[in-house]
Every structure is written in C-alpha cells, then in structure tokens.
$ cat data35.cif   # mmCIF, C-alpha atoms and all ligand atoms
data_model
loop_
_atom_site.label_atom_id
_atom_site.label_comp_id
_atom_site.auth_asym_id
_atom_site.auth_seq_id
_atom_site.Cartn_x
_atom_site.Cartn_y
_atom_site.Cartn_z
CA MET A 236 4.57 7.24 -20.06
CA ARG A 237 0.89 8.10 -19.57
CA VAL A 238 -0.47 6.31 -16.55
CA LEU A 239 -4.00 5.79 -15.24
CA LEU A 240 -3.69 5.50 -11.47
CA ALA A 241 -6.79 3.81 -10.05
CA GLY A 242 -7.04 4.49 -6.33
CA GLY A 243 -4.64 7.33 -7.02
CA ALA A 244 -5.93 9.65 -4.28
CA GLY A 245 -5.34 7.10 -1.51
CA TYR A 246 -2.35 6.80 0.79
CA VAL A 247 -0.11 4.74 -1.50
CA GLY A 248 -1.75 6.24 -4.60
CA ALA A 249 -0.95 9.87 -3.84
CA HIS A 250 2.68 9.06 -3.04
CA THR A 251 2.94 6.99 -6.22
CA ALA A 252 1.42 9.87 -8.17
CA VAL A 253 4.13 12.20 -6.86
CA ALA A 254 6.88 9.69 -7.69
CA LEU A 255 5.56 9.17 -11.24
CA LEU A 256 5.27 12.92 -11.88
CA ASP A 257 8.74 13.54 -10.42
CA ALA A 258 10.08 10.89 -12.83
CA GLY A 259 8.57 12.78 -15.79
CA HIS A 260 5.48 10.65 -16.41
CA GLU A 261 1.94 11.93 -16.93
CA ILE A 262 -0.87 10.71 -14.72
CA VAL A 263 -4.62 10.73 -14.32
CA LEU A 264 -6.12 9.69 -10.99
CA LEU A 265 -9.35 7.68 -10.81
CA ASP A 266 -10.72 7.41 -7.27
CA ASP A 267 -14.17 7.16 -5.70
CA LEU A 268 -12.90 9.06 -2.63
CA SER A 269 -14.50 6.43 -0.37
CA ASN A 270 -11.47 6.48 1.93
CA THR A 271 -9.66 9.70 1.02
CA SER A 272 -10.17 13.30 -0.06
CA ALA A 273 -9.99 15.19 -3.36
CA LEU A 274 -7.47 17.38 -1.56
CA ALA A 275 -4.92 14.57 -1.93
CA ALA A 276 -4.92 15.12 -5.71
CA GLU A 277 -4.57 18.88 -5.29
CA ARG A 278 -1.64 18.32 -2.94
CA VAL A 279 0.05 15.98 -5.45
CA SER A 280 -0.10 18.83 -7.93
CA GLN A 281 1.13 21.34 -5.34
CA ILE A 282 4.15 19.15 -4.46
CA THR A 283 5.20 18.44 -8.04
CA GLY A 284 4.07 21.60 -9.84
CA ARG A 285 2.48 19.31 -12.43
CA PRO A 286 -1.15 18.53 -13.27
CA ALA A 287 -2.77 15.59 -11.45
CA PRO A 288 -6.29 15.46 -12.90
CA LEU A 289 -8.76 13.52 -10.74
CA VAL A 290 -11.76 11.60 -12.05
CA VAL A 291 -14.12 10.90 -9.16
CA GLY A 292 -15.67 7.56 -9.98
CA ASP A 293 -15.86 3.86 -9.28
CA ALA A 294 -13.09 1.82 -10.95
CA SER A 295 -15.29 -1.30 -10.76
CA ASP A 296 -17.69 0.28 -13.27
CA GLU A 297 -16.52 -0.38 -16.84
CA SER A 298 -18.43 2.64 -18.15
CA VAL A 299 -16.52 4.89 -15.73
CA VAL A 300 -13.18 3.41 -16.80
CA ALA A 301 -14.15 3.72 -20.49
CA ALA A 302 -15.23 7.34 -20.02
CA THR A 303 -11.88 8.06 -18.33
CA PHE A 304 -10.06 6.63 -21.37
CA ASP A 305 -12.36 8.67 -23.69
CA GLU A 306 -11.57 11.89 -21.90
CA PHE A 307 -7.93 11.42 -20.91
CA GLY A 308 -6.57 8.44 -22.87
CA PRO A 309 -4.73 6.83 -24.45
CA PHE A 310 -2.77 5.38 -21.54
CA ASP A 311 0.37 3.26 -21.72
CA ALA A 312 -0.20 1.75 -18.29
CA ILE A 313 -2.76 1.16 -15.59
CA VAL A 314 -1.60 1.10 -11.97
CA HIS A 315 -4.36 -0.54 -9.95
CA LEU A 316 -4.45 0.48 -6.29
CA ALA A 317 -8.24 0.77 -5.99
CA ALA A 318 -9.27 -1.60 -3.22
CA PHE A 319 -10.83 -1.94 0.20
CA LYS A 320 -7.98 -2.70 2.60
CA ALA A 321 -9.18 -3.05 6.20
CA VAL A 322 -8.56 -6.59 7.40
CA GLY A 323 -11.07 -6.46 10.28
CA GLU A 324 -13.81 -4.93 8.14
CA SER A 325 -13.24 -7.63 5.52
CA MET A 326 -14.22 -10.24 8.14
CA GLU A 327 -17.56 -8.43 8.61
CA LYS A 328 -18.23 -7.66 4.94
CA PRO A 329 -16.64 -10.44 2.88
CA LEU A 330 -18.91 -9.99 -0.14
CA ASP A 331 -18.10 -6.28 -0.36
CA TYR A 332 -14.40 -7.11 -0.28
CA TYR A 333 -14.55 -9.88 -2.88
CA SER A 334 -16.78 -7.94 -5.24
CA ASN A 335 -15.04 -4.57 -5.01
CA ASN A 336 -11.51 -5.91 -5.00
CA LEU A 337 -12.13 -8.21 -7.97
CA ASP A 338 -14.59 -6.08 -9.98
CA THR A 339 -12.13 -3.18 -10.08
CA THR A 340 -9.57 -5.53 -11.64
CA PHE A 341 -12.06 -6.90 -14.17
CA ALA A 342 -13.22 -3.43 -15.27
CA LEU A 343 -9.74 -1.91 -15.45
CA ALA A 344 -8.23 -4.92 -17.23
CA ARG A 345 -11.08 -5.35 -19.72
CA VAL A 346 -11.16 -1.71 -20.74
CA GLY A 347 -7.37 -1.42 -20.63
CA LEU A 348 -6.93 -4.40 -22.95
CA GLU A 349 -9.55 -3.07 -25.38
CA ARG A 350 -7.78 0.29 -25.44
CA GLY A 351 -4.31 -1.15 -25.98
CA ILE A 352 -2.41 -0.57 -22.72
CA ARG A 353 1.06 -2.12 -22.55
CA SER A 354 1.42 -2.48 -18.79
CA PHE A 355 -0.82 -3.43 -15.89
CA LEU A 356 0.56 -3.07 -12.39
CA PHE A 357 -1.31 -4.45 -9.39
CA SER A 358 -0.98 -3.67 -5.71
CA SER A 359 -0.94 -6.87 -3.66
CA THR A 360 0.19 -7.71 -0.15
CA GLY A 361 2.87 -9.65 1.67
CA THR A 362 0.03 -11.32 3.60
CA VAL A 363 -0.48 -13.76 0.67
CA TYR A 364 2.45 -15.79 2.03
CA SER A 365 1.09 -18.58 4.16
CA ASP A 366 3.99 -20.58 5.60
CA PRO A 367 5.98 -18.85 8.39
CA SER A 368 8.77 -21.40 8.06
CA ASP A 369 9.60 -19.67 4.73
CA LEU A 370 10.70 -16.41 6.46
CA PRO A 371 12.09 -14.17 5.07
CA PHE A 372 9.53 -14.47 2.29
CA THR A 373 10.79 -14.60 -1.28
CA GLU A 374 8.51 -14.45 -4.31
CA GLU A 375 8.86 -18.25 -4.46
CA SER A 376 7.55 -18.75 -0.91
CA THR A 377 4.29 -20.64 -0.51
CA THR A 378 1.13 -18.62 -1.16
CA SER A 379 -2.44 -19.62 -0.60
CA VAL A 380 -5.99 -18.45 -1.09
CA ASP A 381 -6.72 -20.15 2.21
CA LEU A 382 -5.68 -17.09 4.24
CA SER A 383 -6.99 -15.71 7.52
CA ASN A 384 -9.22 -12.97 6.10
CA PRO A 385 -11.19 -11.98 2.96
CA TYR A 386 -8.98 -8.95 2.28
CA SER A 387 -5.85 -11.08 1.86
CA LYS A 388 -7.79 -13.77 -0.01
CA SER A 389 -9.15 -11.18 -2.44
CA LYS A 390 -5.61 -10.01 -3.17
CA ARG A 391 -4.39 -13.55 -3.82
CA MET A 392 -7.43 -14.23 -6.04
CA ASN A 393 -6.52 -11.14 -8.06
CA GLU A 394 -3.01 -12.46 -8.55
CA VAL A 395 -4.41 -15.71 -9.94
CA VAL A 396 -6.73 -13.82 -12.31
CA LEU A 397 -3.90 -11.60 -13.53
CA ALA A 398 -1.53 -14.52 -14.15
CA ASP A 399 -4.17 -16.06 -16.43
CA MET A 400 -4.78 -12.73 -18.13
CA ALA A 401 -1.04 -12.43 -18.81
CA ARG A 402 -0.91 -15.96 -20.25
CA VAL A 403 -3.44 -15.12 -22.99
CA ASN A 404 -2.01 -11.63 -23.64
CA PRO A 405 1.70 -12.38 -24.09
CA GLU A 406 2.50 -8.87 -25.34
CA LEU A 407 1.29 -7.34 -22.05
CA ASP A 408 3.47 -6.54 -19.00
CA VAL A 409 1.66 -7.66 -15.86
CA THR A 410 3.40 -6.83 -12.59
CA VAL A 411 2.24 -7.75 -9.09
CA LEU A 412 3.79 -5.81 -6.22
CA ARG A 413 3.49 -7.45 -2.81
CA TYR A 414 3.70 -4.66 -0.26
CA PHE A 415 4.85 -5.20 3.27
CA ASN A 416 3.80 -2.55 5.85
CA PRO A 417 3.74 0.98 4.35
CA VAL A 418 4.45 3.80 6.84
CA GLY A 419 5.60 7.42 6.78
CA ALA A 420 4.61 10.30 4.55
CA HIS A 421 5.99 12.61 1.89
CA GLU A 422 8.66 14.88 3.37
CA SER A 423 6.61 17.98 2.45
CA GLY A 424 4.00 17.06 5.08
CA LEU A 425 1.30 17.75 2.47
CA ILE A 426 0.19 14.13 1.98
CA GLY A 427 0.14 11.20 4.38
CA GLU A 428 -1.98 8.42 5.79
CA ASP A 429 -5.47 9.57 6.78
CA PRO A 430 -7.62 6.58 7.74
CA SER A 431 -11.25 7.28 8.55
CA GLY A 432 -12.32 6.46 12.10
CA ILE A 433 -10.04 4.77 14.60
CA PRO A 434 -6.96 3.43 12.79
CA ASN A 435 -6.48 -0.33 12.63
CA ASN A 436 -2.81 -0.17 11.77
CA LEU A 437 -0.05 0.57 14.24
CA MET A 438 1.64 3.63 12.69
CA PRO A 439 -1.47 5.79 12.14
CA TYR A 440 -2.59 4.81 15.65
CA ILE A 441 0.72 6.07 17.09
CA GLN A 442 0.33 9.26 15.04
CA ARG A 443 -3.12 9.94 16.53
CA VAL A 444 -1.85 9.33 20.07
CA ALA A 445 1.07 11.70 19.45
CA VAL A 446 -1.28 14.43 18.22
CA GLY A 447 -3.58 13.88 21.21
CA SER A 448 -6.70 12.59 19.45
CA LEU A 449 -6.30 9.10 20.96
CA GLU A 450 -5.31 8.43 24.53
CA ARG A 451 -2.67 5.71 24.41
CA ILE A 452 -1.11 3.11 22.17
CA GLY A 453 -2.25 -0.47 22.73
CA ILE A 454 0.53 -3.00 22.17
CA PHE A 455 -1.20 -6.14 20.99
CA GLY A 456 0.74 -8.78 22.92
CA ASP A 457 4.29 -8.84 24.32
CA ASP A 458 4.57 -12.61 24.63
CA TYR A 459 5.38 -13.44 21.02
CA ASP A 460 8.42 -15.54 20.17
CA THR A 461 10.45 -12.46 19.16
CA PRO A 462 13.40 -10.62 20.79
CA ASP A 463 11.24 -8.14 22.78
CA GLY A 464 8.05 -10.20 22.73
CA THR A 465 6.17 -7.88 20.35
CA GLY A 466 5.31 -8.59 16.71
CA LEU A 467 7.87 -8.13 13.95
CA ARG A 468 6.93 -6.47 10.64
CA ASP A 469 8.73 -5.11 7.59
CA TYR A 470 7.84 -1.40 7.69
CA ILE A 471 8.58 0.30 4.39
CA HIS A 472 8.58 4.08 3.93
CA VAL A 473 5.71 4.93 1.58
CA VAL A 474 8.04 7.07 -0.59
CA ASP A 475 10.31 4.05 -1.13
CA LEU A 476 7.22 2.00 -1.93
CA ALA A 477 6.09 4.65 -4.44
CA LEU A 478 9.54 4.62 -6.09
CA GLY A 479 9.18 0.84 -6.38
CA HIS A 480 6.13 1.40 -8.59
CA VAL A 481 8.06 3.74 -10.86
CA ALA A 482 10.95 1.26 -11.16
CA ALA A 483 8.55 -1.60 -11.88
CA LEU A 484 6.75 0.35 -14.61
CA GLU A 485 9.91 1.64 -16.24
CA ARG A 486 11.49 -1.82 -16.39
CA ALA A 487 8.38 -3.84 -17.14
CA GLN A 488 8.75 -6.65 -19.69
CA PRO A 489 6.03 -8.68 -21.40
CA GLY A 490 4.82 -11.48 -19.14
CA PHE A 491 3.76 -11.93 -15.52
CA VAL A 492 6.11 -11.04 -12.70
CA VAL A 493 5.86 -10.63 -8.92
CA TYR A 494 8.05 -8.48 -6.66
CA ASN A 495 8.19 -8.07 -2.92
CA LEU A 496 8.42 -4.43 -1.89
CA GLY A 497 9.84 -4.29 1.61
CA THR A 498 13.07 -3.52 3.42
CA GLY A 499 13.97 -7.04 4.55
CA ARG A 500 14.46 -5.70 8.10
CA PRO A 501 12.11 -6.96 10.81
CA VAL A 502 11.12 -4.23 13.30
CA SER A 503 9.15 -4.82 16.49
CA VAL A 504 6.11 -2.89 17.72
CA ARG A 505 8.21 -1.48 20.55
CA GLU A 506 10.98 -0.43 18.14
CA LEU A 507 8.51 1.41 15.90
CA ILE A 508 6.98 3.20 18.89
CA ALA A 509 10.50 4.14 20.10
CA ALA A 510 11.35 5.60 16.67
CA PHE A 511 8.20 7.70 16.80
CA GLU A 512 9.02 8.86 20.34
CA ARG A 513 12.44 10.00 19.09
CA ALA A 514 10.75 11.94 16.28
CA VAL A 515 8.27 13.60 18.65
CA GLY A 516 10.85 14.14 21.39
CA ARG A 517 8.77 12.68 24.21
CA GLU A 518 7.47 9.40 25.52
CA LEU A 519 4.00 8.37 24.41
CA PRO A 520 1.43 6.69 26.65
CA LYS A 521 1.17 2.98 25.93
CA VAL A 522 -0.26 -0.17 27.44
CA VAL A 523 0.20 -3.86 26.72
CA LEU A 524 -3.07 -5.50 25.64
CA PRO A 525 -3.91 -9.09 24.73
CA ARG A 526 -2.87 -10.37 21.29
CA ARG A 527 -5.10 -9.34 18.37
CA ALA A 528 -6.84 -12.29 16.75
CA GLY A 529 -5.24 -13.33 13.48
CA ASP A 530 -1.86 -11.64 14.08
CA VAL A 531 1.34 -13.57 13.44
CA ASP A 532 4.68 -13.29 15.30
CA ALA A 533 6.66 -12.08 12.35
CA THR A 534 6.43 -11.23 8.68
CA TYR A 535 9.19 -9.72 6.57
CA CYS A 536 10.53 -10.22 3.10
CA ASP A 537 13.62 -10.86 1.09
CA PRO A 538 13.53 -7.89 -1.33
CA SER A 539 16.55 -8.99 -3.38
CA LYS A 540 14.59 -9.82 -6.56
CA ALA A 541 13.46 -6.19 -6.88
CA ALA A 542 17.02 -5.03 -6.19
CA ARG A 543 18.39 -7.33 -8.89
CA GLU A 544 15.76 -6.85 -11.58
CA LEU A 545 14.43 -3.34 -10.89
CA ASP A 546 17.54 -1.76 -9.42
CA TRP A 547 15.31 -0.67 -6.54
CA VAL A 548 16.00 -0.81 -2.83
CA ALA A 549 14.23 0.81 0.10
CA THR A 550 16.74 3.31 1.48
CA ARG A 551 14.66 5.11 4.13
CA THR A 552 14.75 4.05 7.79
CA ILE A 553 11.98 3.79 10.39
CA ASP A 554 13.36 7.00 11.90
CA ASP A 555 12.84 8.71 8.52
CA ALA A 556 9.32 7.30 8.40
CA ALA A 557 8.56 8.43 11.97
CA ARG A 558 9.90 11.94 11.29
CA ASP A 559 7.88 12.28 8.07
CA ALA A 560 4.71 10.79 9.56
CA TRP A 561 4.97 13.18 12.51
CA ASN A 562 5.56 16.12 10.17
CA TRP A 563 2.37 15.20 8.25
CA GLN A 564 0.24 14.50 11.34
CA SER A 565 1.36 17.55 13.33
CA ARG A 566 0.69 19.86 10.37
CA ASN A 567 -2.62 18.13 9.66
CA PRO A 568 -3.97 16.97 13.04
CA GLN A 569 -7.31 15.98 11.44
CA GLY A 570 -5.69 14.68 8.25
CA PHE A 571 -7.02 16.24 5.04
CA ALA A 572 -10.02 17.57 7.01
CA SER A 573 -7.63 20.01 8.74
CA ALA A 574 -7.41 22.15 5.58
N1 LIG B 601 -0.33 -3.46 16.52
C1 LIG B 601 -0.38 -3.04 17.82
N2 LIG B 601 -1.27 -2.07 18.15
C2 LIG B 601 -2.11 -1.50 17.24
C3 LIG B 601 -2.06 -1.94 15.90
C4 LIG B 601 -1.16 -2.93 15.57
O1 LIG B 601 0.37 -3.52 18.68
O2 LIG B 601 -2.91 -0.61 17.63
C5 LIG B 601 0.68 -4.46 16.13
C6 LIG B 601 0.13 -5.71 15.50
O3 LIG B 601 -0.17 -6.68 16.47
C7 LIG B 601 1.31 -6.11 14.59
C8 LIG B 601 1.92 -4.79 14.18
O4 LIG B 601 1.50 -3.86 15.15
O5 LIG B 601 2.27 -6.84 15.32
C9 LIG B 601 1.50 -4.31 12.81
O6 LIG B 601 0.07 -4.29 12.72
P1 LIG B 601 -0.69 -3.46 11.58
O7 LIG B 601 -2.15 -3.55 11.89
O8 LIG B 601 -0.10 -2.12 11.44
O9 LIG B 601 -0.34 -4.25 10.24
P2 LIG B 601 -0.45 -5.81 9.91
O10 LIG B 601 0.93 -6.37 9.92
O11 LIG B 601 -1.50 -6.44 10.72
O12 LIG B 601 -0.88 -5.81 8.39
C10 LIG B 601 -2.11 -5.25 7.99
C11 LIG B 601 -2.62 -6.04 6.80
C12 LIG B 601 -1.72 -5.88 5.60
C13 LIG B 601 -1.54 -4.46 5.30
C14 LIG B 601 -0.99 -3.79 6.51
C15 LIG B 601 -0.81 -2.32 6.32
O13 LIG B 601 -2.72 -7.40 7.17
O14 LIG B 601 -2.29 -6.49 4.48
O15 LIG B 601 -1.91 -3.95 7.60
O16 LIG B 601 -2.03 -1.73 5.97
F1 LIG B 601 -0.66 -4.32 4.28
#
$ encode --input "data35.cif" --output "structure tokens" --more "lines below"
Ligand code: UFG
Amino acid sequence: MRVLLAGGAGYVGAHTAVALLDAGHEIVLLDDLSNTSALAAERVSQITGRPAPLVVGDASDESVVAATFDEFGPFDAIVHLAAFKAVGESMEKPLDYYSNNLDTTFALARVGLERGIRSFLFSSTGTVYSDPSDLPFTEESTTSVDLSNPYSKSKRMNEVVLADMARVNPELDVTVLRYFNPVGAHESGLIGEDPSGIPNNLMPYIQRVAVGSLERIGIFGDDYDTPDGTGLRDYIHVVDLALGHVAALERAQPGFVVYNLGTGRPVSVRELIAAFERAVGRELPKVVLPRRAGDVDATYCDPSKAARELDWVATRTIDDAARDAWNWQSRNPQGFASA
C-alpha cells in the first residue's frame, strides 16, 4: 500500500512510519515540523533501510496536499496525525486548535477523495469519552463534544465530520483510532518523544528529570480515589500503537469504524515513575503537588474490539516503555537537537 502520512515526522507519526515500512508498505511524510524535526524522517529511513521522503508543508493547505499527490501520488491511504495536541495550550488558543485540527482534515479528505484514496485513518483520543461510570471505556461508551478542553473537543468534532464523510462515500474505509496514553520509544533509541519546552505529559517529564534537565517530578495529587491515590491511565507503548495503525489499515473495510488503542491495564503515576526508576537503576527526585485542573481519577479502555477485528493487542509492558524511553532520552539528552 502507498500511504500519505500527515504529521508523519511527529512522535506517533515517526513510529507509525517505521511500522508501515517494516510491514512492506511505501510512505511519504507530510509535516510542517512545527513540533518536531526533519531528523525524525531521516531516522525512520535509517532504522528501516527504506526511503521515507518528507514534504515540509502545512496539511491544512489544500494546495500543499494536492502538490504532494502530484509529486508522490497516487496514494491508497491517508493516515492523518497532523494536529496540535497540547491540552493546556488549547485552553489558551482555542481558535488555533479548532482551525488547525479541523482544516487539516478538510484539506486531506477533500484532496484524498478527489484523487481516489481507498482508506482514511484518523488519530483521535480516548479523552472523547465523557462518562467515568462507563470505565473501562468501550467504543460504545458515551462520547461528547462537551469536553473539558478544545483539544479533545476538536478531536470529537473531527470524528463527527468523518462519520458524515463516510456516509456519503460508502466505498471508502474510514477508521478512527482512539489513543490512550502513548509512551516509550523505538528500541533503536533513534526516535522518541521530543516535546518542545517543558513537557506537559508525565512520561517525557520523567525522562527529562532522569537526564538531569529538570529538577524533580511533580506528582499531581495523591488523594484520588485510586489504590495509591495517584491518577490511573492506560499507557500504551508507542510501537504497539504504531502496529495498531498498520493492522487497522491492512484490515480496513468500507464504512466508518472506531477502535480503542490501549492496553486495558490502568497504571498509576507512582507505578509509572517506579518503572522508570527500575529502567534507570536509581530513584528519581519527586514531590507531591496539588491536583492539576481538569484531570480525572482514572481513564483506561477495553481494547477487545481491536483484538477481535484487527487481531491486534498491545504486548509491551510499562517496563518495556520505560527502558526504551530511557534508551532514547539518554542517547539524545536534548532530543533531536542533540544530533
Ligand atoms: N501527571 C503528573 N505529573 C506531571 C504530568 C502528569 O502527576 O508532570 C499525571 C496526571 O495528573 C495524570 C497522569 O500523570 O494523572 C497522566 O497525565 P498526562 O499529562 O501524561 O496525560 P493525560 O492523561 O492528561 O492525557 C493527555 C491528553 C490526552 C493525550 C495524552 C498524551 O489529555 O489527549 O495527554 O499526550 F492523549
């Protein structure tokens, strides 16, 4: 299959690129490099020994998408991972989040449909589920656009748009993947998560503390209604997540379908830190801070639909993720800028 990977130089994108190439597919990456480096594409090629051409451009611009098809098409599939993803920033810049995260979908879908793609795969989030009494979340659990932040709302809005697009294009495969919390890195240590500035998410924060560029881990609340008082999340190794994309593309059928990509295993903040400490071989400085606004006690999924229909399960553990994340961060203390 020939796949256009929008957002393909990002954290999930680069790992998905590797997984697609390893599975024998051909890819072209389209990325504006607003939150990553061109080096990610070079590293994808280095890991796989296969070409990973990168078009540097904005996937929300139809002329850019059309020019990418002109130069590198035709494509069988578009995998759309091109989005702004910082929850806190989305509270400050809602219009940027709504416009970017929807315009990329409009441009990619319009051009893709004109040029005859068969499959459209969209990266969504487990944060679209809105009723904690549904835990563990299945694809049938309640969703809402009335969510706590514009990032999550923009993802849910995209899902609604894509369901309607699928309805009027019955020959098209439209797949929505709801990610839980991606962590870890490729085992080569050549690609990994490299957020700009101070990381918002727990795992990259731990990584920066371990490498000495941040002083100590802040645990956002230890008075939640959970076994150790800290928040529970479904941390999925990014390589498992990437393999989920390959499985979804290879088994895609005409119509609209949603899959949770997670492990189904809730892990606490303290458990994730402990796994990282095992990987590093020493204790890391940490302090309990007040709860972060907007956080929930627990979120984790029931991934059995993907197991049943895609023959995909997440097999890697949080210890695997901690080992691989540490391998990446210790080899690249400044991320891609270390090169
Ligand atoms: N946490 C800390 N300290 C930190 C950062 C996080 O204790 O420095 C805690 C949070 O309170 C939470 C858990 O670690 O209990 C996970 O928090 P993250 O920020 O890593 O991830 P979230 O579950 O908040 O999810 C967010 C977005 C998702 C997105 C995910 C991964 O809401 O849409 O980050 O990018 F998928």
$ residues_near_ligand --input "data35.cif" --ligand "ligand LIG 601 (chain B)" --cutoff "6 Å" --atoms "only C-alpha atoms and all ligand atoms" --output "PyMOL selection string"
chain A and resi 322+360+362+415-417+435-437+440+453-455+466-467+504+527+530
$ closest_residue --input "data35.cif" --among "A:Ala482, A:Val474, A:Leu519, A:Leu264" --to "Trp547 (chain A)" --atoms "only C-alpha atoms"
A:Ala482
$ residues_around --input "data35.cif" --residues "Leu476 (chain A)" --least-positions-apart "3" --cutoff "12 Å" --atoms "all atoms listed in the file" --output "PyMOL selection string"
chain A and resi 246-255+358+412-421+469-473+479-483+494-498+538+541+547-551+556
$ closest_residue --input "data35.cif" --among "A:Pro489, A:Pro520, A:Gly243, A:Pro501" --to "Pro288 (chain A)" --atoms "only C-alpha atoms"
A:Gly243
$ residues_around --input "data35.cif" --residues "region 395-401 of chain A" --least-positions-apart "5" --cutoff "7 Å" --atoms "only C-alpha atoms" --output "PyMOL selection string"
chain A and resi 407+409+490-491
$ residues_near_point --input "data35.cif" --point "(-0.1, 17.0, -12.6)" --cutoff "12 Å" --atoms "all atoms listed in the file" --output "ChimeraX atom specification"
/A:237-238,249,252-264,275-289
$ residues_near_point --input "data35.cif" --point "(1.4, -3.8, -16.9)" --cutoff "6 Å" --atoms "all atoms listed in the file" --output "list in words"
Ala312, Arg353, Ser354, Phe355, Leu356, Asp408, Val409 and Thr410 of chain A
$ closest_residue --input "data35.cif" --among "A:Ala528, A:Ala294, A:Val403, A:Ala560" --to "Glu428 (chain A)" --atoms "all atoms listed in the file"
A:Ala560
$ atom_distance --input "data35.cif" --atom1 "CA of Asp546 (chain A)" --atom2 "CA of Leu507 (chain A)"
27.1 Å
$ closest_residue --input "data35.cif" --among "A:Asp457, A:Arg526, A:Val411, A:Ile433" --to "Ala487 (chain A)" --atoms "all atoms listed in the file"
A:Val411
